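Colleague: Starting off with a structure, shown below.
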Amino acid sequence: MSLQAPEFFVELCLPFHDHAVVGNTYYAAPTPGTPLRLRIDFSRTIYADTYGGLRVAVVHPDRGEIDAVALSFVDHGTFHRRDEAHNTRPNTQQYGTFGTYHRPGRPPWEGAVTTGLRDAIEQYTAVWFPGAWTASAPSRAAGRTAHPAPAVPVARSSARAR
């Protein structure tokens, strides 16, 4: 069954105009005129037809893969709400993952909140493609599941600085 990858990558609201989704992989040229490319794949788990995150890589046409990072759905809270609502327990096959089997008419990644993944991809690409994100970044409100995250209060240390 289809992962509905094009819809998933639209949900991420990535700002790169020069991009394409081929199969289940997203390819982009974030910085025009440079040879480096961005590739984003779904990362498999030890379970058949089950995906636990994204693998983001920087690729050079002559040298191949330069760098890569794995972004797990669990670490970025992608399915936290869904798992909490369905009482899915940690350390089970379904926790923080999605599979190719799903309800008809719904994406296999139904219930995903992609804000954390998007933020991580933004941080990663800022290192390899400086300035590529800011010029054409779409509004975060454009995605169906985007939501603002509460700010973490800053705790002051009781020790005085001299």
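Identifiers in the structure tokens: chain A, B, ... in order shown; residue index from 1 per chain; ligand index from 1 in order shown.
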What parts of stretch 16-141 of chain A does DSSP call alpha helix (DSSP H)? I'd like the answer as a PyMOL selection string.
Modeller: chain A and resi 80-85+115-128+132-135
Colleague: If you run DSSP on the backbone, which residues of chain A are strand (DSSP E), as number ranges by chain?
Modeller: A: 19-22, 25-28, 37-44, 50-60, 64-72, 98-99
Colleague: So that I can check the surroundings of A:Gly105, please list as a list of chain:residue names every protein, DNA and RNA residue that reaches within 12 Å of it, counting only C-alpha atoms and ignoring chain neighbours fewer than 5 positions away.
Modeller: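 Near A:Gly105, the qualifying residues are A:Ser2, A:Gln4, A:Glu110.
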Colleague: Restricting the output to all heavy atoms, write the selected residues as an mmCIF file, in the first residue's frame.
Modeller:
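Written out: selection17.cif:
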```
data_model
loop_
_atom_site.group_PDB
_atom_site.id
_atom_site.type_symbol
_atom_site.label_atom_id
_atom_site.label_comp_id
_atom_site.auth_asym_id
_atom_site.auth_seq_id
_atom_site.Cartn_x
_atom_site.Cartn_y
_atom_site.Cartn_z
ATOM 1 N N SER A 2 0.297 2.315 -0.471
ATOM 2 C CA SER A 2 1.008 3.580 -0.597
ATOM 3 C C SER A 2 1.190 4.262 0.755
ATOM 4 O O SER A 2 0.302 4.242 1.606
ATOM 5 C CB SER A 2 0.223 4.509 -1.522
ATOM 6 O OG SER A 2 0.728 5.811 -1.467
ATOM 7 N N GLN A 4 1.516 7.441 0.795
ATOM 8 C CA GLN A 4 1.025 8.786 0.508
ATOM 9 C C GLN A 4 2.085 9.821 0.856
ATOM 10 O O GLN A 4 1.839 10.817 1.513
ATOM 11 C CB GLN A 4 -0.305 9.043 1.203
ATOM 12 C CG GLN A 4 -1.398 8.108 0.735
ATOM 13 C CD GLN A 4 -2.726 8.343 1.410
ATOM 14 O OE1 GLN A 4 -2.901 9.267 2.179
ATOM 15 N NE2 GLN A 4 -3.687 7.484 1.123
ATOM 16 N N GLU A 110 -2.036 9.097 9.655
ATOM 17 C CA GLU A 110 -3.118 9.876 10.252
ATOM 18 C C GLU A 110 -2.806 10.168 11.724
ATOM 19 O O GLU A 110 -2.341 9.312 12.458
ATOM 20 C CB GLU A 110 -4.428 9.096 10.160
ATOM 21 C CG GLU A 110 -5.610 9.830 10.732
ATOM 22 C CD GLU A 110 -6.908 9.049 10.587
ATOM 23 O OE1 GLU A 110 -6.875 7.850 10.254
ATOM 24 O OE2 GLU A 110 -7.950 9.653 10.817
#
```
Colleague: Could you check which of A:Val74, A:Val21, A:Asp49, A:Ile40 is closest to A:Pro90, using only C-alpha atoms?
Modeller: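 Among the listed residues, A:Val74 lies closest to A:Pro90.
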Colleague: Identify which of the residues A:Thr25, A:Thr100, A:Thr34, A:Thr50 lies closest to A:Ala132, counting only C-alpha atoms when measuring atom-to-atom distances.
Modeller: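 Smallest separation from A:Ala132 among the options: A:Thr34.
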Colleague: Determine the nearest neighbour of A:Pro32 from the options A:Thr134, A:Phe98, A:Asp18, A:Thr92, counting only C-alpha atoms.
Modeller: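 For A:Pro32, the nearest of the candidates is A:Asp18.
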Colleague: Near stretch 115-119 of chain A, counting only C-alpha atoms, which residues have an atom at most 7 Å away, once you skip same-chain residues fewer than 3 positions from it, shown as a PDB file with C-alpha atoms, in the first residue's frame?
Modeller:
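Everything below was put into out.pdb:
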```
ATOM      1  CA  LEU A  12       5.692  19.198   6.565  1.00  0.00           C
ATOM      2  CA  HIS A  76       9.865  14.678  17.786  1.00  0.00           C
ATOM      3  CA  GLY A  77       6.411  13.965  19.238  1.00  0.00           C
ATOM      4  CA  THR A  78       4.916  13.167  15.846  1.00  0.00           C
ATOM      5  CA  GLU A 122      14.957  23.398   9.542  1.00  0.00           C
ATOM      6  CA  GLN A 123      17.833  23.205  12.051  1.00  0.00           C
ATOM      7  CA  ALA A 146       0.541  22.518  12.901  1.00  0.00           C
TER       8      ALA A 146
END
```
Colleague: If I take atom CA of A:Pro104 and atom CA of A:Phe73, how far is one from the other in Å, to one decimal?
Modeller: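 These two atoms are separated by 22.8 Å.
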Colleague: Rounded to one decimal, what separation in Å do you get between atom CA of A:Pro61 and atom CA of A:His17?
Modeller: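 Atom CA of A:Pro61 sits 19.4 Å away from atom CA of A:His17.
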Colleague: Can you pull out every residue within 12 Å of A:Pro35, counting only C-alpha atoms, but drop anything in the same chain fewer than 6 positions away, and send it as a ChimeraX atom specification?
Modeller: /A:28-29,58-66,128-129
Colleague: Find the distance between atom CA of A:Asn24 and atom CA of A:Ala70 and write it in Å to one decimal.
Modeller: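 Going from atom CA of A:Asn24 over to atom CA of A:Ala70 covers 15.9 Å.
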